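Quick look at coords-v6.tsv (TSV, C-alpha atoms):
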chain	number	residue	atom	x	y	z
A	116	MET	CA	-23.82	-5.28	31.15
A	117	LYS	CA	-20.32	-4.15	30.28
A	118	GLU	CA	-18.67	-4.76	26.95
A	119	VAL	CA	-14.91	-5.05	27.18
A	120	ALA	CA	-12.51	-5.17	24.24
A	121	GLY	CA	-15.34	-4.48	21.86
A	122	ARG	CA	-17.39	-7.66	22.32
A	123	ASP	CA	-20.64	-7.70	24.28
A	124	ARG	CA	-21.49	-10.71	26.37
A	125	CYS	CA	-24.94	-11.19	24.83
A	126	GLY	CA	-23.46	-11.50	21.36
A	127	ALA	CA	-26.48	-9.66	20.01
A	128	PHE	CA	-24.95	-6.36	19.06
A	129	GLY	CA	-22.41	-7.27	16.41
A	130	GLY	CA	-22.43	-5.72	12.97
A	131	THR	CA	-22.45	-2.12	11.89
A	132	CYS	CA	-24.46	0.59	10.23
A	133	ARG	CA	-23.32	1.34	6.68
A	134	ILE	CA	-21.09	4.36	6.26
A	135	GLY	CA	-23.65	5.92	3.97
A	136	CYS	CA	-26.28	6.02	6.69
A	137	LEU	CA	-24.03	8.21	8.82
A	138	ALA	CA	-22.08	10.40	6.52
A	139	VAL	CA	-20.94	9.62	3.01
A	140	ALA	CA	-24.29	9.20	1.27
A	141	GLY	CA	-25.60	12.52	2.51
A	142	ILE	CA	-28.26	13.36	5.09
A	143	LEU	CA	-31.72	14.82	4.57
A	144	LEU	CA	-31.34	17.45	7.25
A	145	LEU	CA	-34.87	18.76	7.02
A	146	SER	CA	-36.52	15.36	6.73
A	147	ALA	CA	-38.98	14.05	9.27
A	148	ALA	CA	-36.46	11.37	10.25
A	149	PHE	CA	-33.76	13.90	11.05
A	150	ILE	CA	-36.06	16.29	12.87
A	151	ALA	CA	-37.54	13.47	14.92
A	152	GLY	CA	-34.12	12.97	16.47
A	153	CYS	CA	-34.01	16.54	17.75
A	154	THR	CA	-35.02	17.53	21.24
A	155	ASP	CA	-35.49	20.89	22.88
A	156	SER	CA	-34.50	19.70	26.31
A	157	ALA	CA	-31.08	18.72	27.61
A	158	PRO	CA	-30.68	15.05	28.60
A	159	ASP	CA	-31.79	14.42	32.17
A	160	PRO	CA	-28.70	13.19	34.07
A	161	LYS	CA	-31.01	11.25	36.39
A	162	ALA	CA	-32.78	9.44	33.56
A	163	PRO	CA	-31.79	5.76	33.30
A	164	TYR	CA	-29.21	5.14	30.61
A	165	LEU	CA	-29.31	2.26	28.17
A	166	VAL	CA	-25.80	2.42	26.74
A	167	ARG	CA	-22.85	4.48	27.89
A	168	ILE	CA	-19.30	5.08	26.69
A	169	GLY	CA	-17.20	7.37	28.83
A	170	ARG	CA	-19.18	10.51	29.56
A	171	ASP	CA	-21.54	10.01	26.61
A	172	ALA	CA	-24.75	8.03	27.03
A	173	VAL	CA	-28.05	7.21	25.38
A	174	SER	CA	-31.00	7.22	27.77
A	175	VAL	CA	-33.86	4.75	27.67
A	176	ILE	CA	-36.14	7.59	26.55
A	177	GLU	CA	-33.84	8.50	23.66
A	178	TYR	CA	-33.67	4.85	22.63
A	179	ARG	CA	-37.45	4.49	22.65
A	180	LYS	CA	-37.82	7.59	20.46
A	181	ALA	CA	-35.32	6.18	17.96
A	182	LEU	CA	-37.06	2.81	18.06
A	183	GLU	CA	-40.43	4.41	17.36
A	184	LEU	CA	-38.95	6.16	14.33
A	185	ALA	CA	-37.36	2.94	13.05
A	186	ARG	CA	-40.61	1.01	13.42
A	187	ALA	CA	-42.48	3.65	11.44
A	188	ALA	CA	-40.62	2.48	8.32
A	189	TYR	CA	-42.18	-1.02	8.54
A	190	PRO	CA	-45.69	-2.22	7.63
A	191	TYR	CA	-47.85	-3.06	10.64
A	192	ASN	CA	-48.05	-6.78	9.78
A	193	GLU	CA	-44.26	-7.12	9.72
A	194	LEU	CA	-43.98	-5.61	13.17
A	195	GLN	CA	-46.20	-8.39	14.49
A	196	VAL	CA	-43.48	-10.93	13.67
A	197	PRO	CA	-41.35	-11.32	16.85
A	198	GLU	CA	-38.14	-11.95	14.93
A	199	VAL	CA	-38.58	-8.79	12.87
A	200	ASP	CA	-39.40	-6.64	15.88
A	201	ARG	CA	-36.40	-7.93	17.82
A	202	ALA	CA	-34.11	-7.34	14.85
A	203	ILE	CA	-35.28	-3.71	14.73
A	204	ARG	CA	-34.65	-3.26	18.47
A	205	VAL	CA	-31.15	-4.69	18.21
A	206	ARG	CA	-30.32	-2.64	15.11
A	207	VAL	CA	-31.39	0.61	16.78
A	208	LEU	CA	-29.28	-0.19	19.85
A	209	ARG	CA	-26.32	-1.06	17.65
A	210	GLU	CA	-26.57	2.15	15.64
A	211	LEU	CA	-26.95	4.37	18.71
A	212	THR	CA	-23.94	2.64	20.26
A	213	GLU	CA	-22.03	3.25	17.07
A	214	GLU	CA	-22.75	6.97	17.22
A	215	LEU	CA	-21.40	7.06	20.78
A	216	ILE	CA	-18.24	5.33	19.59
A	217	LEU	CA	-17.80	7.89	16.83
A	218	ARG	CA	-18.29	10.81	19.23
A	219	GLN	CA	-15.71	9.27	21.57
A	220	ARG	CA	-13.24	8.88	18.71
A	221	ALA	CA	-13.76	12.48	17.58
A	222	ARG	CA	-13.03	13.72	21.10
A	223	GLU	CA	-9.92	11.54	21.26
A	224	LEU	CA	-8.57	13.00	18.01
A	225	GLY	CA	-9.52	16.57	18.90
A	226	ILE	CA	-11.95	16.80	16.00
A	227	SER	CA	-14.73	19.32	16.41
A	228	VAL	CA	-17.12	21.45	14.38
A	229	THR	CA	-16.43	25.17	14.50
A	230	GLU	CA	-19.16	27.79	14.57
A	231	ALA	CA	-18.05	28.92	11.11
A	232	GLU	CA	-18.43	25.39	9.72
A	233	LEU	CA	-21.83	25.04	11.35
A	234	GLU	CA	-23.09	28.35	9.97
A	235	GLN	CA	-21.80	27.45	6.52
A	236	ALA	CA	-23.75	24.18	6.63
A	237	VAL	CA	-26.89	25.95	7.88
A	238	ASN	CA	-26.68	28.52	5.09
A	239	ARG	CA	-26.16	25.79	2.49
A	240	ILE	CA	-29.30	23.99	3.66
A	241	ARG	CA	-31.28	27.23	3.87
A	242	SER	CA	-30.37	28.04	0.27
A	243	ASP	CA	-32.24	24.96	-0.92
A	244	TYR	CA	-35.51	26.19	0.59
A	245	PRO	CA	-37.57	29.35	0.38
A	246	GLU	CA	-37.03	31.21	3.66
A	247	ASP	CA	-40.59	30.68	4.88
A	248	GLU	CA	-40.52	26.99	3.99
A	249	PHE	CA	-37.32	26.39	5.98
A	250	GLN	CA	-38.77	27.84	9.18
A	251	LYS	CA	-42.15	26.25	8.57
A	252	THR	CA	-40.71	22.77	8.22
A	253	ILE	CA	-38.96	23.01	11.56
A	254	LEU	CA	-41.88	24.59	13.42
A	255	GLU	CA	-44.39	22.08	12.05
A	256	ASN	CA	-42.43	19.35	13.79
A	257	ALA	CA	-42.49	21.19	17.13
A	258	VAL	CA	-38.72	21.52	17.14
A	259	SER	CA	-36.87	24.69	17.92
A	260	TYR	CA	-34.25	26.06	15.56
A	261	ALA	CA	-31.63	25.67	18.33
A	262	ALA	CA	-32.42	21.96	18.76
A	263	TRP	CA	-32.30	21.34	15.01
A	264	LYS	CA	-28.99	23.18	14.79
A	265	GLU	CA	-27.50	21.12	17.62
A	266	LYS	CA	-28.52	17.92	15.86
A	267	LEU	CA	-26.97	19.20	12.64
A	268	LYS	CA	-23.73	19.91	14.49
A	269	ALA	CA	-23.62	16.33	15.79
A	270	ARG	CA	-24.05	14.96	12.26
A	271	LEU	CA	-21.39	17.26	10.88
A	272	LEU	CA	-19.01	16.00	13.55
A	273	ILE	CA	-19.52	12.41	12.43
A	274	GLN	CA	-19.04	13.37	8.79
A	275	LYS	CA	-15.82	15.19	9.65
A	276	LEU	CA	-14.49	12.29	11.70
A	277	ILE	CA	-15.13	9.75	8.95
A	278	ARG	CA	-13.53	12.04	6.39
A	279	GLU	CA	-10.40	12.70	8.47
A	280	ASP	CA	-9.94	9.34	10.20
A	281	LEU	CA	-11.02	7.01	7.43
A	282	GLU	CA	-11.42	8.51	3.96
A	283	ASN	CA	-8.30	10.69	3.95
A	284	ARG	CA	-6.13	7.77	5.08
A	285	ILE	CA	-7.05	5.66	2.07
A	286	GLN	CA	-4.35	5.54	-0.58
A	287	ILE	CA	-5.36	5.74	-4.24
A	288	SER	CA	-2.76	4.71	-6.81
A	289	ALA	CA	-2.43	5.76	-10.45
A	290	GLN	CA	-3.33	2.17	-11.36
A	291	ASP	CA	-6.54	2.46	-9.33
A	292	VAL	CA	-7.50	5.58	-11.28
A	293	SER	CA	-6.68	3.99	-14.63
A	294	THR	CA	-8.61	0.81	-13.84
A	295	TYR	CA	-11.63	2.77	-12.65
A	296	TYR	CA	-11.58	5.02	-15.70
A	297	GLN	CA	-11.51	2.07	-18.09
A	298	ALA	CA	-14.35	0.34	-16.24
A	299	GLN	CA	-16.49	3.48	-16.00
A	300	ARG	CA	-15.34	5.22	-19.18
A	301	ARG	CA	-18.73	5.28	-20.88
A	302	THR	CA	-20.50	6.72	-17.84
A	303	LEU	CA	-17.78	9.31	-17.24
A	304	VAL	CA	-17.85	10.43	-20.88
A	305	GLU	CA	-21.65	10.71	-20.86
A	306	ASP	CA	-21.55	12.74	-17.65
A	307	SER	CA	-18.94	15.06	-19.11
A	308	GLU	CA	-21.06	15.57	-22.23
A	309	GLN	CA	-24.11	16.49	-20.14
A	310	GLU	CA	-22.06	18.84	-17.98
A	311	GLU	CA	-19.16	21.09	-18.83
A	312	ALA	CA	-16.27	18.98	-20.14
A	313	LEU	CA	-13.71	18.37	-17.39
A	314	PRO	CA	-9.97	18.77	-18.05
A	315	PRO	CA	-7.90	15.62	-17.38
A	316	GLN	CA	-6.69	16.85	-13.97
A	317	LYS	CA	-10.23	17.58	-12.79
A	318	MET	CA	-11.38	14.22	-14.12
A	319	ASP	CA	-8.63	12.48	-12.14
A	320	GLU	CA	-9.64	14.39	-9.00
A	321	ARG	CA	-13.24	13.34	-9.50
A	322	ILE	CA	-12.22	9.70	-9.92
A	323	VAL	CA	-9.97	9.80	-6.84
A	324	LYS	CA	-12.81	11.24	-4.77
A	325	GLU	CA	-15.20	8.54	-5.94
A	326	LEU	CA	-12.66	5.77	-5.37
A	327	ARG	CA	-11.89	7.06	-1.91
A	328	ARG	CA	-15.60	7.09	-1.08
A	329	LYS	CA	-16.07	3.53	-2.33
A	330	LYS	CA	-13.02	2.24	-0.50
A	331	ALA	CA	-14.14	4.02	2.66
A	332	GLU	CA	-17.46	2.19	2.47
A	333	GLU	CA	-15.59	-1.11	2.10
A	334	ALA	CA	-13.25	-0.29	5.00
A	335	TYR	CA	-15.93	1.07	7.33
A	336	THR	CA	-16.90	-2.22	8.96
A	337	ASP	CA	-13.33	-3.11	9.95
A	338	TRP	CA	-12.69	0.48	11.06
A	339	ILE	CA	-15.71	0.72	13.35
A	340	GLU	CA	-15.07	-2.75	14.79
A	341	ALA	CA	-11.50	-1.71	15.61
A	342	LEU	CA	-12.89	1.34	17.39
A	343	ARG	CA	-15.28	-0.88	19.35
A	344	GLY	CA	-12.23	-2.61	20.75
A	345	LYS	CA	-10.79	0.66	22.04
A	346	TYR	CA	-13.62	1.66	24.37
A	347	GLN	CA	-15.50	0.07	27.23
A	348	ILE	CA	-19.14	-0.08	26.25
A	349	ASP	CA	-21.53	-0.26	29.18
A	350	ILE	CA	-24.98	-1.60	28.29
A	351	ASN	CA	-27.58	-1.44	31.04
A	352	LEU	CA	-28.72	-5.05	30.98
A	353	ALA	CA	-31.64	-4.50	33.36
A	354	GLN	CA	-33.08	-1.75	31.15
A	355	TRP	CA	-32.46	-3.76	28.01
A	356	GLN	CA	-34.35	-6.73	29.44
A	357	ARG	CA	-37.30	-4.45	30.24
A	358	ILE	CA	-37.27	-3.17	26.66
A	359	GLU	CA	-37.20	-6.69	25.25
A	360	ALA	CA	-40.08	-7.70	27.49
A	361	SER	CA	-42.26	-4.72	26.57

As C-alpha cells, how would this structure be written, given the file I've shared?
Amino acid sequence: MKEVAGRDRCGAFGGTCRIGCLAVAGILLLSAAFIAGCTDSAPDPKAPYLVRIGRDAVSVIEYRKALELARAAYPYNELQVPEVDRAIRVRVLRELTEELILRQRARELGISVTEAELEQAVNRIRSDYPEDEFQKTILENAVSYAAWKEKLKARLLIQKLIREDLENRIQISAQDVSTYYQAQRRTLVEDSEQEEALPPQKMDERIVKELRRKKAEEAYTDWIEALRGKYQIDINLAQWQRIEAS
C-alpha cells in the first residue's frame, strides 16, 4: 500500500506521537524501553518490510518487537479487548512511520550527529551512573555497548532535528514573555528562592526556552503532518493484513 501526499488509503494511520515522546520531554536512555529497541545485528535487507520511506524502512520483525514492548505496558485483560489491541497495533505503526519521516527530513536538511556530540551525550549519561552500574545495565539486557550507542545516536538525531527545524523557528515576543511571567510569577519566584536567584536576563532566557518548548509541542502535530505530505510512504499492505490477522 502506498501513501501519496501524506494520506494513506486505509485511513487508519492518521494522528501523531506527542513531541515529548520523541525529544522534548527527555528520554530514559538506560531504561528497559530504550534498550529493548536496540539490536546487535544490522537489518536484513531480505527481510520483509512493513513501512518504507525512501531508503529507510522498518521490517516486520522490528515492528513486532516494538509491538511487544508497547503491549507490555497494558494489563492482560485490556489486551483481550479487540479494539484496544488494534489501537495499539495502529499506534505502533504510526509512531515507527513517524520516526522514518523524521530521519528523512534530517537527511534532507543535512542534519547529523557528530562523533563529538555523541560522545558528549554518552559521557553525560555515564556520569549519572556508577561505572559498574552503567555497564551492568546494558549487559543485563543482552545488548552490546555498540548497539546501545547506535540507538542513542538515532534519538539524538531526532532531538536535533526537532530543535533546529521546529523549536528554533518559533518566534517569542516580549509580550509573550511578559504574559507568561505574570501568569507563572508565583512559581518562578518560588523556584528562584529554592535555587540561586536568577538575574532578569537569565530569567527572560529561561522563560523564552520554556515558551518555545510549549509552542513547539502545540505546533508539532501540524509540522509532522506537513512532513507526511512531502514523502511517499509505502506500507506493505500484505504484511499489515497478516499482522492484523495474527

Determine, counting only C-alpha atoms, which protein, DNA and RNA residues have an atom within 12 Å of an atom of Tyr295 (chain A); residues of the same chain fewer than 3 positions away are not included. Present the result as a list in words.
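Surrounding residues, per the criterion: Ile287, Ser288, Ala289, Gln290, Asp291, Val292, Ala298, Gln299, Arg300, Arg301, Thr302, Leu303, Met318, Asp319, Arg321, Ile322, Val323, Lys324, Glu325, Leu326, Arg327 and Lys329 of chain A.
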
Report, in Å with one decimal, the straight-line distance from CA of Asp200 (chain A) to CA of Leu182 (chain A).
10.0 Å

Distance of CA of Ile176 (chain A) from CA of Leu233 (chain A), expressed in Å to one decimal place
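That distance, rounded to one decimal, is 27.2 Å.
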
May I ask for the distance between CA of Gln250 (chain A) and CA of Glu232 (chain A), given in Å to one decimal place?
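Spanning CA of Gln250 (chain A) to CA of Glu232 (chain A) is a straight-line distance of 20.5 Å.
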
Ala185 (chain A) environment, 10 Å, all atoms listed in the file, sequence neighbours closer than 6 positions dropped, as a list in words:
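Selected residues are Ala148, Arg179, Ile203, Arg204, Arg206 and Val207 of chain A.
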
Have a look at A:Glu332, A:Glu255, A:Asp171, A:Glu265 and name the one nearest to Glu213 (chain A); count only C-alpha atoms.
A:Asp171

Which residues are close to Phe249 (chain A), i.e. within 12 Å by only C-alpha atoms, leaving aside same-chain residues fewer than 2 positions away? Reply as a PDB file with C-alpha atoms, in the frame of the given file.
ATOM      1  CA  LEU A 144     -31.340  17.450   7.250  1.00  0.00           C
ATOM      2  CA  LEU A 145     -34.870  18.760   7.020  1.00  0.00           C
ATOM      3  CA  SER A 146     -36.520  15.360   6.730  1.00  0.00           C
ATOM      4  CA  VAL A 237     -26.890  25.950   7.880  1.00  0.00           C
ATOM      5  CA  ASN A 238     -26.680  28.520   5.090  1.00  0.00           C
ATOM      6  CA  ARG A 239     -26.160  25.790   2.490  1.00  0.00           C
ATOM      7  CA  ILE A 240     -29.300  23.990   3.660  1.00  0.00           C
ATOM      8  CA  ARG A 241     -31.280  27.230   3.870  1.00  0.00           C
ATOM      9  CA  SER A 242     -30.370  28.040   0.270  1.00  0.00           C
ATOM     10  CA  ASP A 243     -32.240  24.960  -0.920  1.00  0.00           C
ATOM     11  CA  TYR A 244     -35.510  26.190   0.590  1.00  0.00           C
ATOM     12  CA  PRO A 245     -37.570  29.350   0.380  1.00  0.00           C
ATOM     13  CA  GLU A 246     -37.030  31.210   3.660  1.00  0.00           C
ATOM     14  CA  ASP A 247     -40.590  30.680   4.880  1.00  0.00           C
ATOM     15  CA  LYS A 251     -42.150  26.250   8.570  1.00  0.00           C
ATOM     16  CA  THR A 252     -40.710  22.770   8.220  1.00  0.00           C
ATOM     17  CA  ILE A 253     -38.960  23.010  11.560  1.00  0.00           C
ATOM     18  CA  LEU A 254     -41.880  24.590  13.420  1.00  0.00           C
ATOM     19  CA  GLU A 255     -44.390  22.080  12.050  1.00  0.00           C
ATOM     20  CA  ASN A 256     -42.430  19.350  13.790  1.00  0.00           C
ATOM     21  CA  TYR A 260     -34.250  26.060  15.560  1.00  0.00           C
ATOM     22  CA  TRP A 263     -32.300  21.340  15.010  1.00  0.00           C
TER      23      TRP A 263
END

Please report, as JSON, the centre and edge lengths in Å to one decimal of an axis-aligned box covering all listed atoms of region 238-253 of chain A with 5 Å per side.
{"center_x": -34.2, "center_y": 27.0, "center_z": 5.3, "size_x": 26.0, "size_y": 18.4, "size_z": 22.5}

Residue neighbourhood region 214-222 of chain A, 8 Å, only C-alpha atoms, exclusion window fewer than 4 positions, as a ChimeraX atom specification
/A:167-169,171-172,210,226-227,272-273,276,342-343,346

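Of the listed residues (A:Glu333, A:Glu359, A:Asp349, A:Glu248), A:Asp349 comes nearest to Arg170 (chain A); the distances count only C-alpha atoms.
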